[in-house]
Structure formats: C-alpha cells, structure tokens
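As stored in structure_5.pdb (PDB, C-alpha atoms):
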ATOM      1  CA  MET S  71      25.192  12.944  37.361
ATOM      2  CA  ARG S  72      22.795  13.502  34.437
ATOM      3  CA  ASP S  73      24.766  11.532  31.847
ATOM      4  CA  ILE S  74      25.009   8.247  33.718
ATOM      5  CA  ALA S  75      22.705   5.296  33.119
ATOM      6  CA  VAL S  76      22.891   2.200  35.345
ATOM      7  CA  PHE S  77      21.281  -1.131  34.476
ATOM      8  CA  SER S  78      21.314  -4.471  36.263
ATOM      9  CA  GLY S  79      20.869  -7.981  34.997
ATOM     10  CA  THR S  80      18.941 -10.558  36.991
ATOM     11  CA  ALA S  81      22.002 -12.005  38.775
ATOM     12  CA  HIS S  82      22.108  -9.626  41.772
ATOM     13  CA  PRO S  83      19.574  -6.761  41.570
ATOM     14  CA  ASP S  84      19.800  -6.049  45.319
ATOM     15  CA  LEU S  85      23.477  -5.094  45.045
ATOM     16  CA  ALA S  86      22.745  -2.933  41.985
ATOM     17  CA  ALA S  87      19.962  -1.112  43.844
ATOM     18  CA  GLU S  88      22.287  -0.468  46.793
ATOM     19  CA  ILE S  89      24.999   0.885  44.467
ATOM     20  CA  CYS S  90      22.505   3.249  42.829
ATOM     21  CA  ALA S  91      21.324   4.436  46.250
ATOM     22  CA  HIS S  92      24.906   5.422  47.089
ATOM     23  CA  LEU S  93      25.310   7.134  43.705
ATOM     24  CA  GLY S  94      21.978   8.923  43.996
ATOM     25  CA  VAL S  95      20.854   7.784  40.544
ATOM     26  CA  PRO S  96      17.966   5.532  39.458
ATOM     27  CA  LEU S  97      18.453   1.886  38.576
ATOM     28  CA  HIS S  98      16.894   1.620  35.133
ATOM     29  CA  PRO S  99      14.774  -1.435  34.318
ATOM     30  CA  VAL S 100      15.828  -4.249  32.008
ATOM     31  CA  ARG S 101      13.344  -6.567  30.313
ATOM     32  CA  VAL S 102      14.627 -10.118  29.891
ATOM     33  CA  SER S 103      12.407 -12.469  27.907
ATOM     34  CA  ARG S 104      12.773 -15.962  26.501
ATOM     35  CA  PHE S 105      11.652 -17.164  23.089
ATOM     36  CA  ALA S 106       9.955 -20.507  22.495
ATOM     37  CA  ASN S 107      13.291 -21.940  21.323
ATOM     38  CA  ASP S 108      14.863 -21.012  24.728
ATOM     39  CA  CYS S 109      16.876 -18.042  23.376
ATOM     40  CA  LEU S 110      17.098 -14.915  25.525
ATOM     41  CA  GLU S 111      16.226 -11.374  24.471
ATOM     42  CA  VAL S 112      17.204  -8.276  26.459
ATOM     43  CA  GLN S 113      15.784  -4.765  26.239
ATOM     44  CA  LEU S 114      17.262  -1.825  28.175
ATOM     45  CA  GLN S 115      14.244   0.273  29.085
ATOM     46  CA  ALA S 116      15.856   3.704  29.322
ATOM     47  CA  ASN S 117      17.659   6.028  26.915
ATOM     48  CA  CYS S 118      21.341   5.152  26.364
ATOM     49  CA  ARG S 119      22.265   7.529  23.543
ATOM     50  CA  GLU S 120      25.650   9.167  24.264
ATOM     51  CA  ARG S 121      25.296   8.304  27.956
ATOM     52  CA  ASP S 122      27.854   6.716  30.278
ATOM     53  CA  VAL S 123      26.267   3.279  30.671
ATOM     54  CA  PHE S 124      27.122   0.917  33.540
ATOM     55  CA  LEU S 125      25.912  -2.690  33.393
ATOM     56  CA  ILE S 126      26.041  -4.546  36.736
ATOM     57  CA  GLN S 127      26.088  -8.338  36.540
ATOM     58  CA  PRO S 128      28.175 -10.751  38.645
ATOM     59  CA  LEU S 129      28.776 -14.098  36.976
ATOM     60  CA  VAL S 130      27.100 -16.324  39.564
ATOM     61  CA  PRO S 131      25.041 -19.509  39.163
ATOM     62  CA  PRO S 132      23.520 -20.101  36.716
ATOM     63  CA  VAL S 133      26.765 -18.672  35.312
ATOM     64  CA  GLN S 134      26.139 -19.417  31.637
ATOM     65  CA  GLU S 135      22.643 -17.855  31.711
ATOM     66  CA  ASN S 136      23.962 -14.747  33.444
ATOM     67  CA  LEU S 137      26.904 -14.486  31.058
ATOM     68  CA  VAL S 138      24.688 -14.597  27.955
ATOM     69  CA  GLU S 139      22.328 -12.093  29.563
ATOM     70  CA  LEU S 140      25.276  -9.755  30.171
ATOM     71  CA  LEU S 141      26.530 -10.130  26.596
ATOM     72  CA  LEU S 142      23.062  -9.255  25.293
ATOM     73  CA  MET S 143      22.890  -6.223  27.611
ATOM     74  CA  ILE S 144      26.222  -5.000  26.258
ATOM     75  CA  ASP S 145      25.076  -5.524  22.682
ATOM     76  CA  ALA S 146      21.805  -3.696  23.371
ATOM     77  CA  ALA S 147      23.672  -0.718  24.860
ATOM     78  CA  ARG S 148      26.042  -0.588  21.889
ATOM     79  CA  GLY S 149      23.109  -0.747  19.466
ATOM     80  CA  ALA S 150      21.442   2.087  21.409
ATOM     81  CA  SER S 151      24.457   4.380  20.765
ATOM     82  CA  ALA S 152      25.791   4.428  24.322
ATOM     83  CA  GLY S 153      28.664   6.860  24.743
ATOM     84  CA  ARG S 154      30.672   4.384  26.823
ATOM     85  CA  ILE S 155      29.826   0.931  28.209
ATOM     86  CA  THR S 156      31.360  -0.148  31.512
ATOM     87  CA  VAL S 157      30.741  -3.702  32.675
ATOM     88  CA  VAL S 158      30.647  -3.968  36.471
ATOM     89  CA  LEU S 159      31.684  -7.517  37.434
ATOM     90  CA  PRO S 160      31.476  -7.911  41.224
ATOM     91  CA  HIS S 161      32.346 -11.583  40.654
ATOM     92  CA  TYR S 162      34.081 -12.965  37.551
ATOM     93  CA  ALA S 163      33.500 -16.717  37.864
ATOM     94  CA  TYR S 164      35.655 -17.677  34.876
ATOM     95  CA  ALA S 165      38.696 -16.045  36.492
ATOM     96  CA  ARG S 166      39.537 -19.440  38.008
ATOM     97  CA  SER S 167      40.180 -20.801  34.482
ATOM     98  CA  ASP S 168      43.336 -18.711  34.068
ATOM     99  CA  LYS S 169      46.030 -21.161  32.930
ATOM    100  CA  LYS S 170      46.631 -24.339  30.964
ATOM    101  CA  ASP S 171      47.527 -26.821  33.705
ATOM    102  CA  ALA S 172      46.450 -29.954  31.801
ATOM    103  CA  PRO S 173      46.564 -31.003  28.138
ATOM    104  CA  ARG S 174      43.891 -29.753  25.726
ATOM    105  CA  ILE S 175      41.899 -27.631  28.165
ATOM    106  CA  SER S 176      40.389 -24.218  27.540
ATOM    107  CA  ILE S 177      41.388 -20.979  29.257
ATOM    108  CA  GLY S 178      37.925 -19.663  30.022
ATOM    109  CA  ALA S 179      39.031 -16.427  31.681
ATOM    110  CA  ARG S 180      40.620 -15.174  28.469
ATOM    111  CA  LEU S 181      37.813 -16.402  26.232
ATOM    112  CA  VAL S 182      35.062 -14.736  28.285
ATOM    113  CA  ALA S 183      37.106 -11.517  28.430
ATOM    114  CA  ASP S 184      37.275 -11.573  24.621
ATOM    115  CA  LEU S 185      33.504 -12.171  24.436
ATOM    116  CA  LEU S 186      32.757  -9.165  26.649
ATOM    117  CA  VAL S 187      34.970  -6.906  24.550
ATOM    118  CA  SER S 188      33.596  -8.269  21.261
ATOM    119  CA  ALA S 189      30.057  -7.595  22.494
ATOM    120  CA  GLY S 190      30.986  -3.926  22.973
ATOM    121  CA  ALA S 191      32.373  -3.385  26.490
ATOM    122  CA  ASP S 192      34.642  -0.323  26.646
ATOM    123  CA  ARG S 193      35.747  -0.798  30.244
ATOM    124  CA  VAL S 194      35.506  -3.340  33.076
ATOM    125  CA  LEU S 195      35.184  -2.748  36.812
ATOM    126  CA  ALA S 196      35.985  -5.947  38.724
ATOM    127  CA  MET S 197      36.283  -6.983  42.352
ATOM    128  CA  THR S 198      39.002  -9.379  43.603
ATOM    129  CA  LEU S 199      39.901 -11.386  40.513
ATOM    130  CA  HIS S 200      41.148 -14.900  41.267
ATOM    131  CA  SER S 201      44.666 -14.163  40.025
ATOM    132  CA  PRO S 202      46.534 -11.048  38.805
ATOM    133  CA  GLN S 203      47.088 -12.328  35.257
ATOM    134  CA  VAL S 204      43.331 -12.292  34.561
ATOM    135  CA  HIS S 205      43.563  -8.496  34.458
ATOM    136  CA  GLY S 206      45.803  -8.842  31.401
ATOM    137  CA  PHE S 207      43.319 -11.009  29.503
ATOM    138  CA  PHE S 208      41.182  -7.941  28.752
ATOM    139  CA  SER S 209      42.050  -5.682  25.825
ATOM    140  CA  VAL S 210      40.124  -2.771  27.383
ATOM    141  CA  PRO S 211      40.889  -0.849  30.609
ATOM    142  CA  VAL S 212      40.151  -2.777  33.810
ATOM    143  CA  ASP S 213      39.724  -1.194  37.238
ATOM    144  CA  HIS S 214      40.431  -3.941  39.761
ATOM    145  CA  LEU S 215      39.058  -3.347  43.257
ATOM    146  CA  HIS S 216      39.531  -5.459  46.379
ATOM    147  CA  ALA S 217      37.520  -5.805  49.576
ATOM    148  CA  LEU S 218      40.434  -5.925  52.031
ATOM    149  CA  ARG S 219      39.499  -2.582  53.614
ATOM    150  CA  GLU S 220      35.933  -3.691  54.288
ATOM    151  CA  LEU S 221      37.143  -6.973  55.771
ATOM    152  CA  ALA S 222      39.845  -5.239  57.835
ATOM    153  CA  ASN S 223      37.363  -2.734  59.259
ATOM    154  CA  HIS S 224      35.258  -5.647  60.464
ATOM    155  CA  PHE S 225      38.098  -7.512  62.177
ATOM    156  CA  ARG S 226      39.554  -4.389  63.825
ATOM    157  CA  ARG S 227      36.707  -4.692  66.340
ATOM    158  CA  TYR S 228      38.522  -7.603  67.962
ATOM    159  CA  ASP S 229      41.670  -7.864  70.041
ATOM    160  CA  LEU S 230      44.273  -8.723  67.395
ATOM    161  CA  SER S 231      47.317  -8.796  69.683
ATOM    162  CA  ASN S 232      47.673 -12.571  69.312
ATOM    163  CA  THR S 233      46.265 -12.948  65.791
ATOM    164  CA  VAL S 234      47.824 -14.261  62.585
ATOM    165  CA  VAL S 235      46.363 -14.092  59.051
ATOM    166  CA  VAL S 236      46.637 -17.404  57.193
ATOM    167  CA  SER S 237      46.386 -17.879  53.417
ATOM    168  CA  PRO S 238      45.184 -21.339  52.298
ATOM    169  CA  ASP S 239      47.890 -21.437  49.619
ATOM    170  CA  LEU S 240      50.946 -19.589  48.389
ATOM    171  CA  GLY S 241      49.037 -18.170  45.402
ATOM    172  CA  ASN S 242      46.908 -16.072  47.751
ATOM    173  CA  ALA S 243      49.802 -15.190  50.078
ATOM    174  CA  LYS S 244      50.368 -11.718  48.594
ATOM    175  CA  GLU S 245      46.760 -10.703  49.264
ATOM    176  CA  ALA S 246      46.947 -12.229  52.745
ATOM    177  CA  ALA S 247      50.134 -10.286  53.448
ATOM    178  CA  ALA S 248      48.434  -7.032  52.388
ATOM    179  CA  PHE S 249      45.487  -7.873  54.655
ATOM    180  CA  ALA S 250      47.853  -8.635  57.553
ATOM    181  CA  ARG S 251      49.529  -5.231  57.085
ATOM    182  CA  LEU S 252      46.135  -3.528  57.361
ATOM    183  CA  LEU S 253      45.519  -5.373  60.629
ATOM    184  CA  GLY S 254      49.075  -5.124  61.939
ATOM    185  CA  THR S 255      49.441  -8.907  62.316
ATOM    186  CA  PRO S 256      51.890 -11.548  61.058
ATOM    187  CA  VAL S 257      50.998 -13.810  58.137
ATOM    188  CA  ALA S 258      51.265 -17.540  57.387
ATOM    189  CA  ALA S 259      50.334 -19.739  54.421
ATOM    190  CA  GLY S 260      49.411 -23.325  53.617
ATOM    191  CA  ALA S 261      51.374 -25.443  51.145
ATOM    192  CA  LYS S 262      48.508 -26.694  48.951
ATOM    193  CA  GLN S 263      48.279 -29.151  46.084
ATOM    194  CA  ARG S 264      45.003 -29.454  44.141
ATOM    195  CA  PHE S 265      44.166 -32.713  42.375
ATOM    196  CA  SER S 266      40.584 -31.890  41.328
ATOM    197  CA  ASP S 267      37.827 -29.394  42.019
ATOM    198  CA  ASP S 268      37.054 -30.972  45.394
ATOM    199  CA  LEU S 269      40.270 -32.887  46.197
ATOM    200  CA  VAL S 270      42.917 -30.773  47.906
ATOM    201  CA  THR S 271      45.823 -31.635  50.170
ATOM    202  CA  ILE S 272      47.779 -29.246  52.385
ATOM    203  CA  SER S 273      51.116 -30.713  53.447
ATOM    204  CA  ALA S 274      52.234 -27.967  55.844
ATOM    205  CA  VAL S 275      51.541 -24.505  57.213
ATOM    206  CA  ILE S 276      54.404 -22.076  56.718
ATOM    207  CA  GLY S 277      54.583 -19.621  59.602
ATOM    208  CA  GLU S 278      53.933 -19.577  63.344
ATOM    209  CA  VAL S 279      50.308 -20.291  64.291
ATOM    210  CA  THR S 280      50.510 -22.333  67.505
ATOM    211  CA  ASP S 281      48.437 -20.823  70.329
ATOM    212  CA  ARG S 282      47.308 -17.990  68.024
ATOM    213  CA  ASP S 283      43.916 -16.667  66.973
ATOM    214  CA  VAL S 284      43.716 -17.302  63.237
ATOM    215  CA  ILE S 285      41.956 -15.426  60.429
ATOM    216  CA  VAL S 286      41.897 -17.563  57.281
ATOM    217  CA  LEU S 287      41.655 -15.319  54.205
ATOM    218  CA  ASP S 288      40.747 -16.542  50.713
ATOM    219  CA  ASP S 289      39.410 -14.786  47.620
ATOM    220  CA  GLU S 290      36.378 -17.072  47.393
ATOM    221  CA  ILE S 291      34.881 -20.073  49.133
ATOM    222  CA  ALA S 292      32.719 -22.432  47.079
ATOM    223  CA  LYS S 293      32.684 -26.019  48.324
ATOM    224  CA  GLY S 294      34.980 -25.183  51.231
ATOM    225  CA  SER S 295      37.227 -28.228  50.706
ATOM    226  CA  THR S 296      40.456 -26.184  50.803
ATOM    227  CA  VAL S 297      39.495 -24.325  53.964
ATOM    228  CA  ILE S 298      38.357 -27.506  55.741
ATOM    229  CA  GLU S 299      41.645 -29.228  54.856
ATOM    230  CA  LEU S 300      43.567 -26.201  56.148
ATOM    231  CA  MET S 301      41.608 -26.105  59.401
ATOM    232  CA  GLU S 302      42.533 -29.732  60.133
ATOM    233  CA  HIS S 303      46.206 -28.721  59.996
ATOM    234  CA  LEU S 304      45.583 -25.606  62.098
ATOM    235  CA  ARG S 305      43.853 -27.626  64.817
ATOM    236  CA  GLY S 306      46.792 -30.053  64.754
ATOM    237  CA  LEU S 307      49.037 -27.068  65.414
ATOM    238  CA  ARG S 308      46.831 -26.090  68.390
ATOM    239  CA  VAL S 309      45.502 -22.706  67.290
ATOM    240  CA  ARG S 310      43.212 -20.956  69.801
ATOM    241  CA  SER S 311      40.387 -19.933  67.467
ATOM    242  CA  ILE S 312      39.549 -19.699  63.766
ATOM    243  CA  ARG S 313      37.694 -17.035  61.814
ATOM    244  CA  LEU S 314      37.115 -17.372  58.048
ATOM    245  CA  ALA S 315      37.085 -14.439  55.638
ATOM    246  CA  CYS S 316      36.613 -14.186  51.886
ATOM    247  CA  THR S 317      35.414 -11.707  49.276
ATOM    248  CA  HIS S 318      33.159 -14.022  47.273
ATOM    249  CA  GLY S 319      30.966 -16.224  49.457
ATOM    250  CA  LEU S 320      29.685 -18.713  46.881
ATOM    251  CA  PHE S 321      29.036 -21.461  49.474
ATOM    252  CA  SER S 322      27.723 -24.110  47.088
ATOM    253  CA  GLY S 323      25.548 -26.889  48.461
ATOM    254  CA  ASP S 324      25.863 -27.270  52.227
ATOM    255  CA  ALA S 325      29.301 -25.616  52.410
ATOM    256  CA  LEU S 326      28.222 -22.982  54.936
ATOM    257  CA  GLN S 327      26.886 -25.553  57.378
ATOM    258  CA  ARG S 328      29.944 -27.778  56.923
ATOM    259  CA  LEU S 329      32.250 -24.836  57.666
ATOM    260  CA  SER S 330      30.316 -23.690  60.729
ATOM    261  CA  ASP S 331      30.293 -27.253  62.093
ATOM    262  CA  GLN S 332      34.095 -27.315  62.133
ATOM    263  CA  GLU S 333      35.609 -27.235  65.606
ATOM    264  CA  GLY S 334      36.945 -23.830  66.637
ATOM    265  CA  VAL S 335      35.213 -21.746  63.940
ATOM    266  CA  LEU S 336      33.846 -18.588  65.554
ATOM    267  CA  GLU S 337      32.790 -16.607  62.483
ATOM    268  CA  ILE S 338      32.499 -16.694  58.699
ATOM    269  CA  VAL S 339      32.792 -13.300  56.983
ATOM    270  CA  CYS S 340      32.199 -12.508  53.301
ATOM    271  CA  THR S 341      30.963  -9.618  51.166
ATOM    272  CA  ASN S 342      27.834  -9.240  49.056
ATOM    273  CA  THR S 343      29.545  -9.529  45.659
ATOM    274  CA  VAL S 344      27.350 -12.598  45.147
ATOM    275  CA  PRO S 345      23.802 -13.086  46.466
ATOM    276  CA  ILE S 346      23.412 -15.422  49.442
ATOM    277  CA  PRO S 347      19.861 -16.781  49.777
ATOM    278  CA  ALA S 348      18.194 -16.235  53.138
ATOM    279  CA  ALA S 349      17.659 -19.983  53.458
ATOM    280  CA  LYS S 350      21.434 -20.536  53.479
ATOM    281  CA  ARG S 351      22.322 -17.904  56.063
ATOM    282  CA  ILE S 352      23.457 -19.090  59.485
ATOM    283  CA  PRO S 353      24.180 -17.203  62.743
ATOM    284  CA  GLU S 354      27.971 -17.447  62.246
ATOM    285  CA  LEU S 355      27.796 -15.685  58.854
ATOM    286  CA  GLN S 356      28.519 -11.959  58.541
ATOM    287  CA  VAL S 357      27.949 -10.333  55.127
ATOM    288  CA  LEU S 358      29.674  -6.986  54.478
ATOM    289  CA  SER S 359      28.597  -4.609  51.717
ATOM    290  CA  VAL S 360      30.936  -3.564  48.910
ATOM    291  CA  ALA S 361      28.264  -1.315  47.365
ATOM    292  CA  PRO S 362      29.899   1.907  48.677
ATOM    293  CA  ALA S 363      33.274   0.930  47.165
ATOM    294  CA  LEU S 364      31.757  -0.014  43.795
ATOM    295  CA  ALA S 365      29.632   3.147  43.752
ATOM    296  CA  GLU S 366      32.642   5.358  44.493
ATOM    297  CA  ALA S 367      34.665   3.644  41.759
ATOM    298  CA  MET S 368      31.811   4.156  39.278
ATOM    299  CA  ARG S 369      31.565   7.825  40.260
ATOM    300  CA  ARG S 370      35.309   8.269  39.716
ATOM    301  CA  ILE S 371      35.202   6.486  36.352
ATOM    302  CA  HIS S 372      32.315   8.702  35.254
ATOM    303  CA  ASN S 373      34.091  11.893  36.381
ATOM    304  CA  GLY S 374      37.497  10.896  34.988
ATOM    305  CA  GLU S 375      39.113  10.676  38.444
ATOM    306  CA  SER S 376      41.700   8.210  39.710
ATOM    307  CA  VAL S 377      40.320   4.870  40.889
ATOM    308  CA  SER S 378      43.681   3.642  42.183
ATOM    309  CA  ALA S 379      43.633   6.568  44.629
ATOM    310  CA  LEU S 380      40.961   4.623  46.526
ATOM    311  CA  PHE S 381      43.714   2.304  47.735
ATOM    312  CA  ALA S 382      46.433   4.873  48.405
TER     313      ALA S 382
END

Can you give me the file's structure in the form of structure tokens?
Amino acid sequence: MRDIAVFSGTAHPDLAAEICAHLGVPLHPVRVSRFANDCLEVQLQANCRERDVFLIQPLVPPVQENLVELLLMIDAARGASAGRITVVLPHYAYARSDKKDAPRISIGARLVADLLVSAGADRVLAMTLHSPQVHGFFSVPVDHLHALRELANHFRRYDLSNTVVVSPDLGNAKEAAAFARLLGTPVAAGAKQRFSDDLVTISAVIGEVTDRDVIVLDDEIAKGSTVIELMEHLRGLRVRSIRLACTHGLFSGDALQRLSDQEGVLEIVCTNTVPIPAAKRIPELQVLSVAPALAEAMRRIHNGESVSALFA
C-alpha cells in the first residue's frame, strides 16, 4: 500500500496506531503547535502529494479543540496536494444536533459537515452516527460503519436462550432490532421523552422483559441518565439481569461508577471509538476494539472495493 498516508490528530492516537498496525502502514507524525494568541497550527510531517490521505480524529472532549485541529489537518493535506482526503470519524459528536426541535437553535451536525467539506475533505468514514439523516448532511461520499458485529461476538459467549435486547427509545429501535437478529433474541424498547440534556422520562417498556436477561443497547452513553431511568423500569418489571452495551462510551463525569452501582448490572460493554482514561475504568467495563473494522474499511476505500460488503 505505497500510496496511502495515515495521520492522526491528538484526540485518540492509540486507536490510530492500532488501525495502522492492522493495515501494515506507518502512522505519520503530526506537529500541533499553539501561537501566543491561542491559535492552533498543524503540520503534517510526511509527503502527501498525490497520495491517498486518511486523517483519523474522533470528535471527543475537548470537542471544539479537536474539531479545529481536524479542520487544519484537512486544510494542510489539501495544500500539500493530496490526491484524496478521507476523514475517519470514529465518533461524530455533533451528530446529536440533527434536527430543529426548539425555536432558533442551530443544527450543528449539518454545519460541521459543511465545515469538513469546505476544508477539503473528499470522503468521510464514520462509525455509528446518532441518526440516519446525519449521513445526508454531507455533500461528499460517506461510508457508515457500525459496531454491532463486534458487540454481538462478545455477547455470543453467554447463554442467550432467555435474553431480550432492549433499546432505550424508539429512535434506536431499528439498530436494536438488527442487533437482536444477530443474537437470535427478541427485542423491546422504551417509550422515552427528553426534556433536557440530563432530564429524561421513560413512561413504559414496549415488549416482554419480565424474568428475562436484558441487554440494553444504545449508540452512546454520556451521562447515563437515559439508561438509569430505563433500568428503574426494567427492575420494576422484574428482569433477571442487566448488561449495558454501546458503541461510544463517553461516560462523562462519574457516569461509569453510577451505572455500575445500579442493582442488577453485570457488565458494561463499549468500543474504543473514544478514549477511556485508565483512571475511569472499572472491573465491570469491557472495551472492544473497532480498529480491525476501520482498517478493513480504509483498505477497501483505498483499493476501490465495496465497503457495504462488510455487512453483507
């Protein structure tokens, strides 16, 4: 793969290094410096001319810093005459801002997509966007991966004969149903209403969960308020056990500890799309790697092969 050049921002260099190890290519260095007036400057420290350039940068806290760093990386690659620039977004934080559900608010998912394209991105490789319509906000090709296979492979180790997959809300029910098909289990969903970022109510659980082992599946867990509200209903319906699964384990503040302290929680499973500091990790947490899936998608993009065939 002589014509590929992979760079990583500062958001998640460990994931980028793992991806490059699977690809068998070097991870080229990036110099990020800050001027006296607090402005960032980025220099890609390897030749980009007419090469297939991949820039790996999840939008994780500090999101705005990492976003500007990514935009500058794209601009630097374009100015260095890159043949094609593919932005690899393991986590697209602004995907949650995908609709106008209150007066005079911005739709950040569309705006940030426009910024990435304006900076010079030719293609985007994303993992588990918050909602399907975010895909359509980009005016360049988007390859949208999911981590359901990695999560399913983990849970297949258990006896699933009395298990049901539960989505916290109806918006995530389609993904939960696909996950349940991979596991060969039924599916249920919570009826959720969100009033603010950390105020959520779930009025009912649609589906049969009584005396079942439950796997709660969500796309991301940040504060954990939705999942904690759901688990209160599940315990009221007398489920046998609860396991939590998500793609993006953001776990802001003390969310991980709060989740593990909940009665009946046996395990919390996420992937490494976002970095989880060692200080936050607890015995109940299992982190699965999506580096092989991202590496294979990048290889297929580079070679002009089908990416959707990965999910056939």

Check: Between CA of Pro345 (chain S) and CA of Ser209 (chain S), what is the spacing in Å?
Finding: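 Distance reported for this atom pair: 28.5 Å.
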
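Straight-line separation from CA of Leu185 (chain S) to CA of Leu380 (chain S): 28.7 Å.
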
Per-residue nearest contacts region 126-177 of chain S to region 316-320 of chain S, cut-off 9 Å, using all atoms listed in the file, as CSV:
residue,atom,partner,partner_atom,distance
S:Val130,CA,S:Leu320,CA,8.1
S:Pro160,CA,S:His318,CA,8.8
S:His161,CA,S:His318,CA,7.1

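Between CA of Pro131 (chain S) and CA of Ala165 (chain S) lies a distance of 14.3 Å.
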
Margin query: I'd like the neighbourhood of Arg121 (chain S) as a list in words, where a residue qualifies if any of its atoms comes within 10 Å (using all atoms listed in the file), though same-chain residues fewer than 6 positions away should be ignored.
Written below: Arg72, Asp73, Ile74, Ala75, Val76, Ala147, Ala150, Ser151, Ala152, Gly153, Arg154 and Ile155 of chain S

Note to self: Excluding Glu135 (chain S) and its own-chain neighbours fewer than 3 positions away, which residues fall within 12 Å of it when counting all atoms listed in the file? Please give them as a list in words.
What the structure shows: Gly79, Thr80, Ala81, Val102, Arg104, Asp108, Cys109, Leu110, Glu111, Gln127, Pro128, Leu129, Val130, Pro131, Pro132, Val138, Glu139, Leu140, Leu141 and Leu142 of chain S

Notebook entry, point to check: Got a sec: who's within 6 Å of region 186-196 of chain S, counting only C-alpha atoms, leaving out chain neighbours fewer than 5 positions off, as a ChimeraX atom specification?
Noted result: /S:141,144-145,155-160,210-214

Notebook entry, point to check: Restricting the calculation to only C-alpha atoms, which member of S:Gln203, S:Thr198, S:Gln356, S:Ser311 is positioned closest to Thr343 (chain S)?
Noted result: S:Thr198

Next item on the list: For the file shown, report as number ranges by chain the outcome of the PyMOL selection byres ((chain S and resi 113) around 7) at residue level.
Entry: S: 100-102, 111-112, 114-115, 146

Checklist line | Among the residues S:Ile291, S:Leu221, S:Ala183, S:Ala365, the one that comes closest to Gly206 (chain S) [using only C-alpha atoms] | finding: S:Ala183

Note to self: For the provided coordinates, the residues matched by the PyMOL selection byres ((chain S and resi 329) around 10) should be stated as a list in words.
What the structure shows: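 Taken over the shown coordinates, the PyMOL selection byres ((chain S and resi 329) around 10) returns Lys293, Gly294, Ser295, Val297, Ile298, Met301, Leu314, Phe321, Asp324, Ala325, Leu326, Gln327, Arg328, Ser330, Asp331, Gln332, Glu333, Val335, Glu337, Ile338 and Glu354 of chain S.
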
Grab the residues selected above and save them as a compact mmCIF listing (two decimals), keeping the file's coordinate frame with C-alpha atoms.
# COMPACT_ATOMS: atom_id res chain seq x y z
CA LYS S 293 32.68 -26.02 48.32
CA GLY S 294 34.98 -25.18 51.23
CA SER S 295 37.23 -28.23 50.71
CA VAL S 297 39.49 -24.32 53.96
CA ILE S 298 38.36 -27.51 55.74
CA MET S 301 41.61 -26.10 59.40
CA LEU S 314 37.12 -17.37 58.05
CA PHE S 321 29.04 -21.46 49.47
CA ASP S 324 25.86 -27.27 52.23
CA ALA S 325 29.30 -25.62 52.41
CA LEU S 326 28.22 -22.98 54.94
CA GLN S 327 26.89 -25.55 57.38
CA ARG S 328 29.94 -27.78 56.92
CA SER S 330 30.32 -23.69 60.73
CA ASP S 331 30.29 -27.25 62.09
CA GLN S 332 34.10 -27.32 62.13
CA GLU S 333 35.61 -27.24 65.61
CA VAL S 335 35.21 -21.75 63.94
CA GLU S 337 32.79 -16.61 62.48
CA ILE S 338 32.50 -16.69 58.70
CA GLU S 354 27.97 -17.45 62.25

Can you tell me which residues surround Ala87 (chain S) at a distance of at most 9 Å, considering all atoms listed in the file, apart from same-chain residues fewer than 5 positions away, and format the answer as a PDB file with C-alpha atoms, in the frame of the given file?
ATOM      1  CA  SER S  78      21.314  -4.471  36.263  1.00  0.00           C
ATOM      2  CA  HIS S  92      24.906   5.422  47.089  1.00  0.00           C
ATOM      3  CA  PRO S  96      17.966   5.532  39.458  1.00  0.00           C
ATOM      4  CA  LEU S  97      18.453   1.886  38.576  1.00  0.00           C
TER       5      LEU S  97
END

Test item: residues at most 9 Å from Pro256 (chain S), only C-alpha atoms, excluding those fewer than 4 positions along its chain, as a PDB file with C-alpha atoms, in the coordinates of the input:
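Here's the written file selection34.pdb:
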ATOM      1  CA  THR S 233      46.265 -12.948  65.791  1.00  0.00           C
ATOM      2  CA  VAL S 234      47.824 -14.261  62.585  1.00  0.00           C
ATOM      3  CA  VAL S 235      46.363 -14.092  59.051  1.00  0.00           C
ATOM      4  CA  VAL S 236      46.637 -17.404  57.193  1.00  0.00           C
ATOM      5  CA  ALA S 247      50.134 -10.286  53.448  1.00  0.00           C
ATOM      6  CA  ALA S 250      47.853  -8.635  57.553  1.00  0.00           C
ATOM      7  CA  ARG S 251      49.529  -5.231  57.085  1.00  0.00           C
ATOM      8  CA  GLY S 277      54.583 -19.621  59.602  1.00  0.00           C
ATOM      9  CA  GLU S 278      53.933 -19.577  63.344  1.00  0.00           C
TER      10      GLU S 278
END

Next item on the list: For the structure provided, state which residues fall under the PyMOL selection byres ((chain S and resi 249) around 9), and present them as a ChimeraX atom specification.
Entry: /S:218-219,221-222,235,244-248,250-255,257,287

Working from the structure I just supplied, which lacks atoms in region 271-282 of chain S, can you model N, CA and C atoms there and output them as a short mmCIF file (atom, residue, chain, number, x, y, z; two decimals), keeping the file's coordinate frame?
data_model
loop_
_atom_site.label_atom_id
_atom_site.label_comp_id
_atom_site.auth_asym_id
_atom_site.auth_seq_id
_atom_site.Cartn_x
_atom_site.Cartn_y
_atom_site.Cartn_z
N THR S 271 45.01 -31.26 49.01
CA THR S 271 45.82 -31.64 50.17
C THR S 271 46.71 -30.46 50.56
N ILE S 272 46.88 -30.26 51.85
CA ILE S 272 47.78 -29.25 52.38
C ILE S 272 48.81 -29.98 53.23
N SER S 273 50.06 -29.93 52.81
CA SER S 273 51.12 -30.71 53.45
C SER S 273 51.71 -30.03 54.67
N ALA S 274 51.63 -28.69 54.73
CA ALA S 274 52.23 -27.97 55.84
C ALA S 274 51.67 -26.56 55.91
N VAL S 275 51.86 -25.92 57.05
CA VAL S 275 51.54 -24.50 57.21
C VAL S 275 52.84 -23.77 57.48
N ILE S 276 53.14 -22.82 56.63
CA ILE S 276 54.40 -22.08 56.72
C ILE S 276 54.16 -20.82 57.55
N GLY S 277 54.78 -20.75 58.70
CA GLY S 277 54.58 -19.62 59.60
C GLY S 277 54.16 -20.10 60.98
N GLU S 278 54.23 -19.23 61.96
CA GLU S 278 53.93 -19.58 63.34
C GLU S 278 52.46 -19.34 63.66
N VAL S 279 51.73 -20.42 63.98
CA VAL S 279 50.31 -20.29 64.29
C VAL S 279 49.93 -20.91 65.63
N THR S 280 50.82 -21.65 66.25
CA THR S 280 50.51 -22.33 67.50
C THR S 280 50.09 -21.35 68.59
N ASP S 281 48.98 -21.65 69.25
CA ASP S 281 48.44 -20.82 70.33
C ASP S 281 48.08 -19.41 69.86
N ARG S 282 47.72 -19.29 68.59
CA ARG S 282 47.31 -17.99 68.02
C ARG S 282 45.84 -18.03 67.63
#
